[in-house]
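This is data18.cif (mmCIF, C-alpha atoms).
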```cif
data_final
#
loop_
_atom_site.label_atom_id
_atom_site.label_comp_id
_atom_site.auth_asym_id
_atom_site.auth_seq_id
_atom_site.Cartn_x
_atom_site.Cartn_y
_atom_site.Cartn_z
CA MET A 521 2.93 14.73 18.08
CA LEU A 522 3.48 18.40 18.70
CA ASP A 523 6.71 20.08 17.61
CA ILE A 524 9.17 20.55 20.48
CA GLY A 525 10.12 24.04 19.30
CA PHE A 526 6.47 25.06 19.03
CA VAL A 527 5.68 23.78 22.52
CA ARG A 528 8.71 25.61 23.96
CA LYS A 529 7.68 28.92 22.38
CA ASN A 530 3.95 28.52 23.00
CA LEU A 531 3.80 26.62 26.28
CA GLU A 532 0.96 28.70 27.71
CA LEU A 533 -1.17 28.12 24.60
CA VAL A 534 -0.47 24.37 24.62
CA GLU A 535 -1.34 24.13 28.33
CA ARG A 536 -4.59 26.06 27.82
CA LYS A 537 -5.71 23.98 24.84
CA THR A 538 -4.85 20.75 26.63
CA ARG A 539 -6.96 21.82 29.62
CA LEU A 540 -9.88 22.46 27.23
CA ARG A 541 -9.87 18.72 26.56
CA GLY A 542 -10.20 18.00 30.26
CA VAL A 543 -6.72 16.44 30.21
CA ASP A 544 -4.47 17.07 33.20
CA ILE A 545 -0.79 17.19 32.18
CA ASP A 546 1.98 18.70 34.30
CA PHE A 547 3.89 20.80 31.77
CA SER A 548 6.39 21.89 34.44
CA VAL A 549 8.03 18.52 33.74
CA PHE A 550 8.56 19.57 30.14
CA LYS A 551 9.96 22.94 31.22
CA GLU A 552 12.42 21.35 33.66
CA ILE A 553 13.67 18.71 31.21
CA ASP A 554 13.91 21.20 28.37
CA ALA A 555 15.79 23.76 30.51
CA GLU A 556 18.30 21.14 31.65
CA ARG A 557 18.78 19.91 28.09
CA ARG A 558 19.38 23.41 26.73
CA LYS A 559 21.82 24.13 29.56
CA ILE A 560 23.80 21.01 28.67
CA LEU A 561 23.76 21.81 24.95
CA LYS A 562 25.10 25.29 25.70
CA GLU A 563 27.87 23.79 27.82
CA VAL A 564 28.72 21.34 25.01
CA GLU A 565 29.03 24.21 22.55
CA GLU A 566 31.33 26.07 24.92
CA LEU A 567 33.50 23.00 25.41
CA LYS A 568 33.69 22.39 21.66
CA HIS A 569 34.73 26.00 21.12
CA LYS A 570 37.42 25.60 23.76
CA LYS A 571 38.62 22.36 22.13
CA ASN A 572 38.88 24.10 18.76
CA LEU A 573 41.07 26.80 20.28
CA ILE A 574 43.29 24.15 21.90
CA SER A 575 43.55 22.27 18.58
CA LYS A 576 44.72 25.42 16.85
CA GLU A 577 47.25 26.04 19.63
CA ILE A 578 48.52 22.47 19.36
CA GLY A 579 49.04 22.91 15.63
CA LYS A 580 50.91 26.15 16.15
CA LEU A 581 53.19 24.73 18.85
CA LYS A 582 53.95 21.64 16.76
CA ARG A 583 55.09 23.83 13.89
CA GLU A 584 57.36 25.62 16.32
CA GLY A 585 58.70 22.30 17.61
CA LYS A 586 57.40 22.83 21.16
CA ASP A 587 55.96 20.34 23.66
CA VAL A 588 52.17 19.85 23.33
CA SER A 589 51.62 16.90 25.68
CA SER A 590 49.72 18.93 28.31
CA LEU A 591 47.42 20.42 25.67
CA VAL A 592 46.82 17.00 24.10
CA LYS A 593 45.87 15.66 27.53
CA GLU A 594 43.50 18.59 28.08
CA SER A 595 41.96 18.03 24.63
CA LYS A 596 41.29 14.36 25.42
CA GLU A 597 39.67 15.34 28.72
CA LEU A 598 37.43 17.74 26.84
CA ASP A 599 36.49 14.95 24.39
CA SER A 600 35.50 12.74 27.29
CA LYS A 601 33.43 15.50 28.90
CA ILE A 602 31.71 16.37 25.61
CA GLU A 603 30.83 12.71 25.03
CA GLU A 604 29.39 12.45 28.54
CA LEU A 605 27.28 15.60 28.09
CA ASP A 606 26.12 14.53 24.61
CA SER A 607 24.90 11.28 26.14
CA LYS A 608 22.96 13.20 28.82
CA ALA A 609 21.51 15.55 26.22
CA LYS A 610 20.34 12.57 24.13
CA GLU A 611 18.73 11.01 27.19
CA LEU A 612 16.90 14.25 27.97
CA THR A 613 15.79 14.59 24.35
CA ASN A 614 14.29 11.10 24.54
CA LYS A 615 12.47 12.10 27.73
CA LEU A 616 11.03 15.14 25.95
CA TYR A 617 9.75 12.95 23.11
CA GLU A 618 8.30 10.47 25.61
CA PHE A 619 6.52 13.36 27.32
CA LEU A 620 5.16 14.81 24.07
CA ALA A 621 4.07 11.35 22.86
CA ASN A 622 1.32 11.51 25.51
CA VAL A 623 0.26 15.10 24.80
CA PRO A 624 -2.89 15.29 22.61
CA ASN A 625 -3.21 17.37 19.48
CA LEU A 626 -4.16 21.04 19.74
CA VAL A 627 -7.85 21.68 19.30
CA HIS A 628 -8.83 23.91 16.40
CA ASP A 629 -10.11 27.35 17.40
CA SER A 630 -13.51 26.61 15.85
CA VAL A 631 -14.17 23.57 18.09
CA PRO A 632 -16.97 24.25 20.62
CA ILE A 633 -15.82 24.26 24.25
CA GLY A 634 -17.35 21.58 26.45
CA LYS A 635 -16.65 18.81 28.93
CA SER A 636 -18.42 15.77 27.46
CA GLU A 637 -20.63 14.51 24.64
CA GLU A 638 -23.49 16.40 26.26
CA ASP A 639 -21.83 19.60 25.01
CA ASN A 640 -21.46 18.47 21.39
CA VAL A 641 -23.22 20.64 18.80
CA VAL A 642 -25.74 19.30 16.29
CA VAL A 643 -24.80 20.78 12.91
CA ARG A 644 -27.62 19.32 10.80
CA THR A 645 -30.06 16.42 10.58
CA TRP A 646 -31.20 14.38 7.59
CA GLY A 647 -34.42 12.39 7.35
CA SER A 648 -37.06 11.80 10.00
CA PRO A 649 -37.28 8.84 12.37
CA ARG A 650 -39.93 6.37 11.26
CA GLU A 651 -43.23 6.23 13.13
CA PHE A 652 -43.98 2.56 13.91
CA ASP A 653 -47.48 1.16 14.40
CA PHE A 654 -45.93 -1.55 16.55
CA GLU A 655 -43.22 -1.76 19.22
CA PRO A 656 -39.88 -1.89 17.32
CA LYS A 657 -37.59 -4.71 18.34
CA PRO A 658 -33.87 -4.32 19.09
CA HIS A 659 -31.58 -5.65 16.40
CA TRP A 660 -30.48 -8.74 18.33
CA GLU A 661 -34.07 -9.96 18.61
CA ILE A 662 -34.63 -9.31 14.91
CA ALA A 663 -31.39 -11.14 14.06
CA GLU A 664 -32.39 -14.13 16.21
CA LEU A 665 -35.84 -14.33 14.61
CA LEU A 666 -34.28 -14.18 11.12
CA ASP A 667 -31.48 -16.58 12.13
CA ILE A 668 -28.80 -14.29 10.63
CA ILE A 669 -26.51 -13.61 13.62
CA ASP A 670 -25.42 -16.27 16.11
CA PHE A 671 -24.17 -14.88 19.43
CA GLU A 672 -24.10 -18.16 21.35
CA ARG A 673 -21.83 -19.97 18.92
CA ALA A 674 -19.64 -16.86 18.64
CA ALA A 675 -19.20 -16.94 22.41
CA LYS A 676 -18.29 -20.63 22.16
CA LEU A 677 -15.63 -19.75 19.59
CA SER A 678 -14.21 -16.52 20.99
CA GLY A 679 -16.02 -15.35 24.13
CA SER A 680 -18.21 -12.31 24.66
CA ARG A 681 -18.53 -9.37 22.24
CA PHE A 682 -18.13 -11.48 19.12
CA ALA A 683 -20.72 -12.47 16.52
CA VAL A 684 -21.13 -15.06 13.79
CA PHE A 685 -22.96 -13.68 10.75
CA LYS A 686 -24.65 -16.38 8.70
CA GLY A 687 -26.99 -16.76 5.74
CA TRP A 688 -28.57 -13.45 4.83
CA GLY A 689 -26.67 -11.81 7.71
CA ALA A 690 -23.31 -12.69 6.16
CA LYS A 691 -24.55 -11.65 2.73
CA LEU A 692 -25.89 -8.34 4.05
CA GLU A 693 -22.55 -7.58 5.76
CA ARG A 694 -20.65 -8.32 2.54
CA ALA A 695 -23.15 -6.37 0.46
CA LEU A 696 -22.72 -3.29 2.63
CA ILE A 697 -18.92 -3.44 2.28
CA ASN A 698 -19.12 -3.64 -1.52
CA PHE A 699 -21.81 -0.94 -1.67
CA MET A 700 -19.69 1.50 0.36
CA LEU A 701 -16.46 0.79 -1.53
CA ASP A 702 -18.19 1.19 -4.90
CA ILE A 703 -19.57 4.61 -3.99
CA HIS A 704 -16.28 5.90 -2.58
CA THR A 705 -14.16 4.63 -5.47
CA LYS A 706 -16.51 5.29 -8.38
CA GLU A 707 -18.11 8.54 -7.22
CA HIS A 708 -15.84 10.16 -4.64
CA GLY A 709 -12.41 9.53 -6.17
CA TYR A 710 -10.83 7.31 -3.50
CA LYS A 711 -8.31 4.64 -4.39
CA GLU A 712 -9.16 1.27 -2.85
CA VAL A 713 -6.52 -0.43 -0.70
CA PHE A 714 -6.59 -3.80 1.04
CA PRO A 715 -3.90 -3.51 3.74
CA PRO A 716 -2.51 -5.98 6.30
CA PHE A 717 -4.49 -6.33 9.52
CA LEU A 718 -1.28 -6.74 11.54
CA VAL A 719 1.17 -3.85 11.86
CA ARG A 720 4.41 -2.94 13.59
CA GLU A 721 4.70 -0.96 16.81
CA GLU A 722 6.04 2.15 15.05
CA VAL A 723 3.01 2.14 12.75
CA MET A 724 0.69 2.26 15.76
CA PHE A 725 2.79 5.11 17.15
CA GLY A 726 2.48 7.01 13.87
CA THR A 727 -1.28 7.42 14.11
CA GLY A 728 -1.32 7.98 17.87
CA GLN A 729 -2.57 4.61 19.15
CA LEU A 730 0.70 4.09 21.02
CA PRO A 731 1.70 4.64 23.71
CA LYS A 732 -1.53 6.14 25.08
CA PHE A 733 -4.05 3.47 24.04
CA GLU A 734 -2.01 0.30 24.44
CA ASP A 735 -4.57 -1.23 26.83
CA ASP A 736 -7.21 -1.11 24.09
CA LEU A 737 -5.07 -2.94 21.51
CA TYR A 738 -4.57 -6.63 20.74
CA LYS A 739 -0.87 -7.50 20.54
CA ILE A 740 0.87 -10.58 19.13
CA GLU A 741 3.73 -10.73 21.64
CA ARG A 742 5.81 -13.31 19.79
CA ASP A 743 6.08 -11.17 16.65
CA ASN A 744 5.67 -7.73 18.25
CA LEU A 745 2.75 -6.99 15.92
CA TYR A 746 -0.62 -5.40 16.66
CA LEU A 747 -4.07 -6.13 15.24
CA ILE A 748 -5.35 -2.88 13.75
CA PRO A 749 -8.18 -1.06 15.58
CA THR A 750 -9.07 0.76 12.33
CA ALA A 751 -7.84 0.89 8.73
CA GLU A 752 -6.74 4.45 9.46
CA VAL A 753 -3.57 2.95 10.97
CA PRO A 754 -2.17 1.19 7.88
CA LEU A 755 -3.60 3.73 5.42
CA VAL A 756 -1.93 6.75 7.06
CA ASN A 757 1.33 4.84 7.39
CA LEU A 758 1.38 3.86 3.72
CA HIS A 759 3.48 6.99 3.19
CA ARG A 760 5.47 6.71 6.40
CA GLU A 761 8.94 8.31 6.11
CA GLU A 762 8.21 9.53 2.56
CA ILE A 763 8.40 12.90 0.85
CA LEU A 764 5.42 13.38 -1.44
CA SER A 765 5.05 15.89 -4.26
CA GLU A 766 2.53 18.71 -3.87
CA GLU A 767 1.28 17.91 -7.37
CA ASP A 768 0.11 14.51 -6.06
CA LEU A 769 -1.96 16.03 -3.24
CA PRO A 770 -4.64 15.51 -2.16
CA ILE A 771 -4.41 11.73 -1.96
CA TYR A 772 -7.60 9.79 -1.14
CA TYR A 773 -7.59 6.17 0.11
CA THR A 774 -10.42 3.89 1.14
CA ALA A 775 -10.22 0.41 2.61
CA TYR A 776 -12.37 -2.29 4.08
CA THR A 777 -10.80 -4.07 7.05
CA ALA A 778 -11.84 -6.00 10.07
CA CYS A 779 -11.04 -3.94 13.19
CA PHE A 780 -10.02 -5.24 16.60
CA ARG A 781 -10.49 -3.44 19.91
CA ARG A 782 -10.41 -4.63 23.50
CA GLU A 783 -13.01 -2.00 24.45
CA ALA A 784 -11.17 -1.80 27.76
CA GLY A 785 -13.22 1.11 29.08
CA SER A 786 -16.66 -0.04 27.96
CA HIS A 787 -17.62 -2.57 30.64
CA GLY A 788 -21.39 -2.74 30.88
CA LYS A 789 -21.95 -0.63 27.74
CA ASP A 790 -23.85 -2.14 24.78
CA VAL A 791 -23.41 -5.65 26.16
CA ARG A 792 -26.11 -7.07 23.88
CA GLY A 793 -25.98 -7.06 20.10
CA ILE A 794 -23.27 -5.80 17.79
CA ILE A 795 -23.06 -2.09 18.60
CA ARG A 796 -19.79 -2.61 20.50
CA GLN A 797 -17.71 -5.63 19.50
CA HIS A 798 -14.10 -6.76 19.86
CA GLN A 799 -14.06 -7.52 16.12
CA PHE A 800 -16.07 -5.51 13.60
CA ASP A 801 -16.02 -4.46 9.95
CA LYS A 802 -15.50 -0.91 8.75
CA VAL A 803 -14.86 0.96 5.52
CA GLU A 804 -12.37 3.74 6.20
CA LEU A 805 -11.54 6.97 4.36
CA VAL A 806 -8.11 8.65 4.64
CA LYS A 807 -6.78 11.82 3.02
CA PHE A 808 -3.35 13.44 2.70
CA THR A 809 -3.58 17.17 1.97
CA THR A 810 -1.70 20.44 2.16
CA PRO A 811 -2.27 22.52 5.32
CA GLU A 812 -4.09 25.18 3.30
CA THR A 813 -6.80 22.79 2.05
CA SER A 814 -7.28 20.37 4.95
CA TYR A 815 -10.37 21.97 6.47
CA GLU A 816 -12.09 22.23 3.11
CA GLU A 817 -11.24 18.55 2.64
CA LEU A 818 -12.70 17.72 6.06
CA GLU A 819 -16.09 19.10 5.01
CA LYS A 820 -15.92 17.01 1.82
CA LEU A 821 -14.98 13.94 3.84
CA VAL A 822 -18.05 14.32 6.04
CA LYS A 823 -20.30 14.65 3.00
CA ASP A 824 -18.74 11.54 1.43
CA ALA A 825 -19.70 9.55 4.53
CA GLU A 826 -23.17 11.14 4.60
CA VAL A 827 -23.89 9.90 1.07
CA ILE A 828 -23.86 6.29 2.31
CA LEU A 829 -26.58 6.98 4.89
CA GLN A 830 -28.59 9.04 2.42
CA ARG A 831 -28.53 6.29 -0.22
CA LEU A 832 -29.68 3.81 2.42
CA GLU A 833 -32.35 6.30 3.52
CA LEU A 834 -31.34 6.09 7.17
CA PRO A 835 -32.15 9.11 9.38
CA TYR A 836 -29.02 10.65 10.86
CA ARG A 837 -27.49 13.82 12.24
CA VAL A 838 -24.07 15.45 12.00
CA VAL A 839 -22.54 16.48 15.32
CA GLU A 840 -19.47 18.64 15.93
CA LEU A 841 -17.53 17.29 18.89
CA CYS A 842 -16.66 19.65 21.73
CA THR A 843 -13.17 19.99 23.19
CA GLY A 844 -13.84 17.50 25.99
CA ASP A 845 -15.05 14.75 23.62
CA LEU A 846 -12.34 15.13 20.98
CA GLY A 847 -10.07 12.19 20.13
CA PHE A 848 -6.37 12.23 21.05
CA SER A 849 -5.00 12.83 17.52
CA ALA A 850 -7.77 15.08 16.19
CA SER A 851 -7.86 18.86 15.93
CA LYS A 852 -11.50 18.84 14.86
CA THR A 853 -14.08 16.06 14.50
CA TYR A 854 -17.57 15.60 13.16
CA ASP A 855 -19.57 12.50 14.14
CA LEU A 856 -22.37 11.05 12.06
CA GLU A 857 -25.04 9.54 14.30
CA VAL A 858 -27.71 7.23 12.90
CA TRP A 859 -31.20 6.81 14.40
CA ILE A 860 -31.69 3.57 16.36
CA PRO A 861 -35.43 3.02 16.95
CA SER A 862 -35.14 0.52 19.83
CA GLN A 863 -33.03 3.01 21.79
CA GLY A 864 -34.99 6.07 20.70
CA LYS A 865 -31.80 8.01 20.03
CA TYR A 866 -28.99 8.65 17.57
CA ARG A 867 -25.80 6.56 17.85
CA GLU A 868 -22.37 7.20 16.33
CA ILE A 869 -21.77 5.44 13.04
CA SER A 870 -18.91 7.53 11.64
CA SER A 871 -16.25 9.86 13.02
CA CYS A 872 -14.49 12.25 10.59
CA SER A 873 -11.40 14.08 11.81
CA ASN A 874 -8.67 16.48 10.71
CA CYS A 875 -5.45 15.58 12.52
CA GLU A 876 -3.53 18.42 10.84
CA ASP A 877 0.23 17.58 11.01
CA PHE A 878 0.01 15.66 14.32
CA GLN A 879 0.21 12.18 12.76
CA ALA A 880 2.48 13.31 9.92
CA ARG A 881 5.12 14.43 12.42
CA ARG A 882 4.97 11.10 14.25
CA ALA A 883 5.16 9.13 10.99
CA SER A 884 7.49 11.57 9.19
CA ILE A 885 5.25 12.21 6.16
CA ARG A 886 6.22 15.34 4.25
CA TYR A 887 5.68 16.90 0.86
CA ARG A 888 7.77 19.09 -1.39
CA PRO A 889 6.01 22.33 -2.40
CA LYS A 890 5.68 23.24 -6.07
CA GLU A 891 8.33 25.89 -5.46
CA LYS A 892 11.23 23.43 -5.56
CA ARG A 893 13.53 25.69 -3.56
CA GLY A 894 11.12 25.66 -0.67
CA LYS A 895 11.67 23.40 2.33
CA THR A 896 9.64 20.23 2.66
CA ARG A 897 6.51 20.56 4.82
CA LEU A 898 4.45 18.14 6.84
CA VAL A 899 1.22 17.00 5.20
CA HIS A 900 -2.12 17.14 6.97
CA THR A 901 -3.90 13.81 7.48
CA LEU A 902 -7.65 13.27 7.70
CA ASN A 903 -9.63 10.14 8.45
CA GLY A 904 -13.24 9.08 8.69
CA SER A 905 -15.44 6.01 8.80
CA GLY A 906 -17.12 5.56 5.47
CA ILE A 907 -18.86 3.90 7.37
CA ALA A 908 -18.98 1.33 10.24
CA VAL A 909 -20.52 -1.75 8.59
CA GLY A 910 -21.91 -3.53 11.66
CA ARG A 911 -23.66 -0.45 12.97
CA THR A 912 -25.11 0.17 9.50
CA LEU A 913 -26.51 -3.36 9.57
CA VAL A 914 -28.01 -2.61 12.99
CA ALA A 915 -29.63 0.56 11.64
CA ILE A 916 -31.09 -1.29 8.64
CA LEU A 917 -32.50 -4.13 10.75
CA GLU A 918 -34.17 -1.71 13.15
CA ASN A 919 -35.33 1.01 10.78
CA TYR A 920 -36.57 -1.37 8.07
CA GLN A 921 -38.20 -3.99 10.31
CA GLU A 922 -41.83 -4.98 9.70
CA LYS A 923 -44.55 -6.14 12.07
CA ASP A 924 -44.36 -9.72 10.76
CA GLY A 925 -40.67 -9.94 11.72
CA SER A 926 -39.31 -9.44 8.21
CA VAL A 927 -36.84 -6.72 7.22
CA LYS A 928 -36.98 -4.76 3.99
CA ILE A 929 -33.74 -4.12 2.13
CA PRO A 930 -33.03 -0.46 1.23
CA GLU A 931 -33.63 0.06 -2.48
CA ALA A 932 -30.02 1.08 -3.21
CA LEU A 933 -28.76 -2.12 -1.58
CA ILE A 934 -31.08 -4.62 -3.32
CA PRO A 935 -28.70 -5.23 -6.29
CA TYR A 936 -25.95 -6.11 -3.81
CA VAL A 937 -28.06 -8.36 -1.55
CA GLY A 938 -30.15 -10.01 -4.26
CA THR A 939 -33.47 -9.80 -2.44
CA GLU A 940 -35.98 -7.13 -1.45
CA ARG A 941 -36.78 -8.59 1.93
CA ILE A 942 -35.39 -10.96 4.54
CA ALA A 943 -38.15 -12.95 6.20
CA PRO A 944 -38.23 -15.43 9.11
#
```
Could you render the structure from this file as structure tokens?
Amino acid sequence: MLDIGFVRKNLELVERKTRLRGVDIDFSVFKEIDAERRKILKEVEELKHKKNLISKEIGKLKREGKDVSSLVKESKELDSKIEELDSKAKELTNKLYEFLANVPNLVHDSVPIGKSEEDNVVVRTWGSPREFDFEPKPHWEIAELLDIIDFERAAKLSGSRFAVFKGWGAKLERALINFMLDIHTKEHGYKEVFPPFLVREEVMFGTGQLPKFEDDLYKIERDNLYLIPTAEVPLVNLHREEILSEEDLPIYYTAYTACFRREAGSHGKDVRGIIRQHQFDKVELVKFTTPETSYEELEKLVKDAEVILQRLELPYRVVELCTGDLGFSASKTYDLEVWIPSQGKYREISSCSNCEDFQARRASIRYRPKEKRGKTRLVHTLNGSGIAVGRTLVAILENYQEKDGSVKIPEALIPYVGTERIAP
């Protein structure tokens, strides 16, 4: 969430940067509510000043033994008026927060301007797409031939956009999770966390999922809990309403979780296979940093995610998202896109973002600078997929498929899977 004071002082800047995202928000509403609120607060201060003068006069007259009944009556009327105006001011303050809760983060000045993913900028590529001497199959055909993913029985259990991993499919999914966690904890310095998959409403608000993306969330109405769409949600909120010490920053967390999304706006997209599911596995990376180091840490975060694809020898590219494709809470984002042979194009497999203090303000996460006399400051939060497990499995099946229907296992993954090849 943006700071009310900052928005008030920099309204033109906020409007301009919001328009760069292609988001249409009527900021005149903010101006009207804020002006009315400030007018009321000024009136309250004037009434309080007047009440103080009356109180002093009452004290003086009492000492002189004079009648103060009319002044006491006037003082009570002022109390009633002040209470009424305070209530209105509180109501208007809540309206301001409700308004700002739907305003996206400010885009960083370095983000390329554009309207859609077509305007994203390729930063670098790694590896070359494999040249096949046969027509590569899509992953769902490979999975069916190998009998490692069951879509029909998943539909019987849960409906569309679910999958049952079995045999080598289940083992490959588990192997990828352990492989990713081992690299991030042993080589990149992240602390592993295994958080709850159900969280409170205020936790979803803290990372920006609520109120804007409620339609894409699964909610347990009876308990007022939400299934997490990403481990970013519980990891960022681990330090909700806390004051950290600068000496402890940066803090790195990684977690495997199942993720749950309605995919409300994806009708007709990636209907077949496991590219876009209601339930999927992901290893997440989250950082808490000082404002001065957050963009340096973003570059490190991207490279941490890249290592996974490099070890698996999967061709990919790094893309910097333009203003029109940027996520709600992010100031700057890099996507990692892996090569999918059956589609003949790169597909997103990781998204790494710097949210600056946007989430920290919503979740009230601050730190105390080394200079103890200094005021507490909001931390910067960063998050990234390290990486999406299901899409990695897709990339392995398609990039490592053989003409006879078998699939080789990437060398780095063999110790985790226990075989060099999965065959029909």
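Atom to atom, CA of Leu665 in chain A and CA of Pro944 in chain A stand 6.1 Å apart.
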Checklist line | Among listed residues A:Thr853, A:Ser926, A:Asn874, A:Asn640, nearest Thr809 in chain A (using all atoms listed in the file) | finding: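 Residue with the minimum atom-to-atom distance to Thr809 in chain A: A:Asn874.
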Can you list every residue of range 839-938 of chain A that has an atom at most 10 Å from range 755-768 of chain A, with its nearest atom pair and the distance in Å to one decimal, using all atoms listed in the file, ordered by chain then number, as a Markdown table?
```
| residue | atom | partner | partner_atom | distance |
| --- | --- | --- | --- | --- |
| A:Gln879 | CA | A:Val756 | CA | 8.2 |
| A:Ala880 | CA | A:Arg760 | CA | 8.1 |
| A:Arg881 | CA | A:Glu761 | CA | 9.6 |
| A:Arg882 | CA | A:Arg760 | CA | 9.0 |
| A:Ala883 | CA | A:Arg760 | CA | 5.2 |
| A:Ser884 | CA | A:Glu761 | CA | 4.7 |
| A:Ile885 | CA | A:Glu761 | CA | 5.4 |
| A:Arg886 | CA | A:Ile763 | CA | 4.7 |
| A:Tyr887 | CA | A:Leu764 | CA | 4.2 |
| A:Arg888 | CA | A:Ser765 | CA | 5.1 |
| A:Pro889 | CA | A:Glu766 | CA | 5.2 |
| A:Lys890 | CA | A:Glu766 | CA | 5.9 |
| A:Glu891 | CA | A:Glu766 | CA | 9.4 |
| A:Lys892 | CA | A:Ser765 | CA | 9.8 |
| A:Thr896 | CA | A:Ile763 | CA | 7.7 |
| A:Arg897 | CA | A:Ile763 | CA | 8.8 |
| A:Leu898 | CA | A:Ile763 | CA | 8.9 |
| A:Val899 | CA | A:Leu764 | CA | 8.7 |
| A:Thr901 | CA | A:Val756 | CA | 7.3 |
| A:Leu902 | CA | A:Val756 | CA | 8.7 |
| A:Asn903 | CA | A:Val756 | CA | 8.5 |
```
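Take CA of Ser851 in chain A and CA of Ser873 in chain A: the distance between them is 7.2 Å.
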Checklist line | Answer key for the PyMOL selection byres ((chain A and resi 753) around 10), residues as a ChimeraX atom specification | finding: /A:715,717-719,723-729,748-752,754-758,806,903
Margin query: Report as a PyMOL selection string all protein, DNA and RNA residues lying within 10 Å of range 812-824 of chain A, evaluated on all atoms listed in the file, omitting residues in the same chain fewer than 3 positions from it.
Written below: chain A and resi 703-704+707-708+769-770+772+805-809+827-829+838+852-856+870-876+899-907
Notebook entry, point to check: So which residues are close to (-19.0, -1.6, 2.6), meaning at most 12 Å away in the file's coordinates with all atoms listed in the file counted, and can you show them as a VMD selection string?
Noted result: chain A and resid 691 to 705 712 774 to 778 801 to 805 825 828 to 829 832 905 to 913 933 936
Just-selected residues, C-alpha atoms written as a PDB file, in the frame of the given file:
```
ATOM      1  CA  LYS A 691     -24.550 -11.650   2.730  1.00  0.00           C
ATOM      2  CA  LEU A 692     -25.890  -8.340   4.050  1.00  0.00           C
ATOM      3  CA  GLU A 693     -22.550  -7.580   5.760  1.00  0.00           C
ATOM      4  CA  ARG A 694     -20.650  -8.320   2.540  1.00  0.00           C
ATOM      5  CA  ALA A 695     -23.150  -6.370   0.460  1.00  0.00           C
ATOM      6  CA  LEU A 696     -22.720  -3.290   2.630  1.00  0.00           C
ATOM      7  CA  ILE A 697     -18.920  -3.440   2.280  1.00  0.00           C
ATOM      8  CA  ASN A 698     -19.120  -3.640  -1.520  1.00  0.00           C
ATOM      9  CA  PHE A 699     -21.810  -0.940  -1.670  1.00  0.00           C
ATOM     10  CA  MET A 700     -19.690   1.500   0.360  1.00  0.00           C
ATOM     11  CA  LEU A 701     -16.460   0.790  -1.530  1.00  0.00           C
ATOM     12  CA  ASP A 702     -18.190   1.190  -4.900  1.00  0.00           C
ATOM     13  CA  ILE A 703     -19.570   4.610  -3.990  1.00  0.00           C
ATOM     14  CA  HIS A 704     -16.280   5.900  -2.580  1.00  0.00           C
ATOM     15  CA  THR A 705     -14.160   4.630  -5.470  1.00  0.00           C
ATOM     16  CA  GLU A 712      -9.160   1.270  -2.850  1.00  0.00           C
ATOM     17  CA  THR A 774     -10.420   3.890   1.140  1.00  0.00           C
ATOM     18  CA  ALA A 775     -10.220   0.410   2.610  1.00  0.00           C
ATOM     19  CA  TYR A 776     -12.370  -2.290   4.080  1.00  0.00           C
ATOM     20  CA  THR A 777     -10.800  -4.070   7.050  1.00  0.00           C
ATOM     21  CA  ALA A 778     -11.840  -6.000  10.070  1.00  0.00           C
ATOM     22  CA  ASP A 801     -16.020  -4.460   9.950  1.00  0.00           C
ATOM     23  CA  LYS A 802     -15.500  -0.910   8.750  1.00  0.00           C
ATOM     24  CA  VAL A 803     -14.860   0.960   5.520  1.00  0.00           C
ATOM     25  CA  GLU A 804     -12.370   3.740   6.200  1.00  0.00           C
ATOM     26  CA  LEU A 805     -11.540   6.970   4.360  1.00  0.00           C
ATOM     27  CA  ALA A 825     -19.700   9.550   4.530  1.00  0.00           C
ATOM     28  CA  ILE A 828     -23.860   6.290   2.310  1.00  0.00           C
ATOM     29  CA  LEU A 829     -26.580   6.980   4.890  1.00  0.00           C
ATOM     30  CA  LEU A 832     -29.680   3.810   2.420  1.00  0.00           C
ATOM     31  CA  SER A 905     -15.440   6.010   8.800  1.00  0.00           C
ATOM     32  CA  GLY A 906     -17.120   5.560   5.470  1.00  0.00           C
ATOM     33  CA  ILE A 907     -18.860   3.900   7.370  1.00  0.00           C
ATOM     34  CA  ALA A 908     -18.980   1.330  10.240  1.00  0.00           C
ATOM     35  CA  VAL A 909     -20.520  -1.750   8.590  1.00  0.00           C
ATOM     36  CA  GLY A 910     -21.910  -3.530  11.660  1.00  0.00           C
ATOM     37  CA  ARG A 911     -23.660  -0.450  12.970  1.00  0.00           C
ATOM     38  CA  THR A 912     -25.110   0.170   9.500  1.00  0.00           C
ATOM     39  CA  LEU A 913     -26.510  -3.360   9.570  1.00  0.00           C
ATOM     40  CA  LEU A 933     -28.760  -2.120  -1.580  1.00  0.00           C
ATOM     41  CA  TYR A 936     -25.950  -6.110  -3.810  1.00  0.00           C
TER      42      TYR A 936
END
```
Margin query: Could you tell me how far CA of Ser575 in chain A sits from CA of Lys608 in chain A, in Å to one decimal place?
Written below: 24.7 Å
Next item on the list: Let me know the residues the PyMOL selection byres ((chain A and resi 920) around 10) catches in the file above, as a ChimeraX atom specification.
Entry: /A:650,656,833-834,861,914-919,921-922,926-930,941
Next item on the list: For the file shown, report as number ranges by chain the outcome of the PyMOL selection byres ((chain A and resi 528) around 12) at residue level.
Entry: A: 522-527, 529-535, 547-548, 550-555, 558, 616, 620
Notebook entry, point to check: Hey, which of A:Ile662, A:Leu730, A:Leu626, A:Val937 ends up closest to Ala850 in chain A? Count only C-alpha atoms.
Noted result: A:Leu626
Next item on the list: Using only C-alpha atoms, pick whichever of A:Lys593, A:Lys568, A:Arg539, A:His628 has the shortest atom-to-atom distance to Ser849 in chain A.
Entry: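 Of A:Lys593, A:Lys568, A:Arg539, A:His628, the one nearest Ser849 in chain A is A:His628, counting only C-alpha atoms.
Nearest to Gly709 in chain A of all the residues A:Ile771, A:Ile669, A:Leu567, A:Ala784 is A:Ile771, based on only C-alpha atoms.
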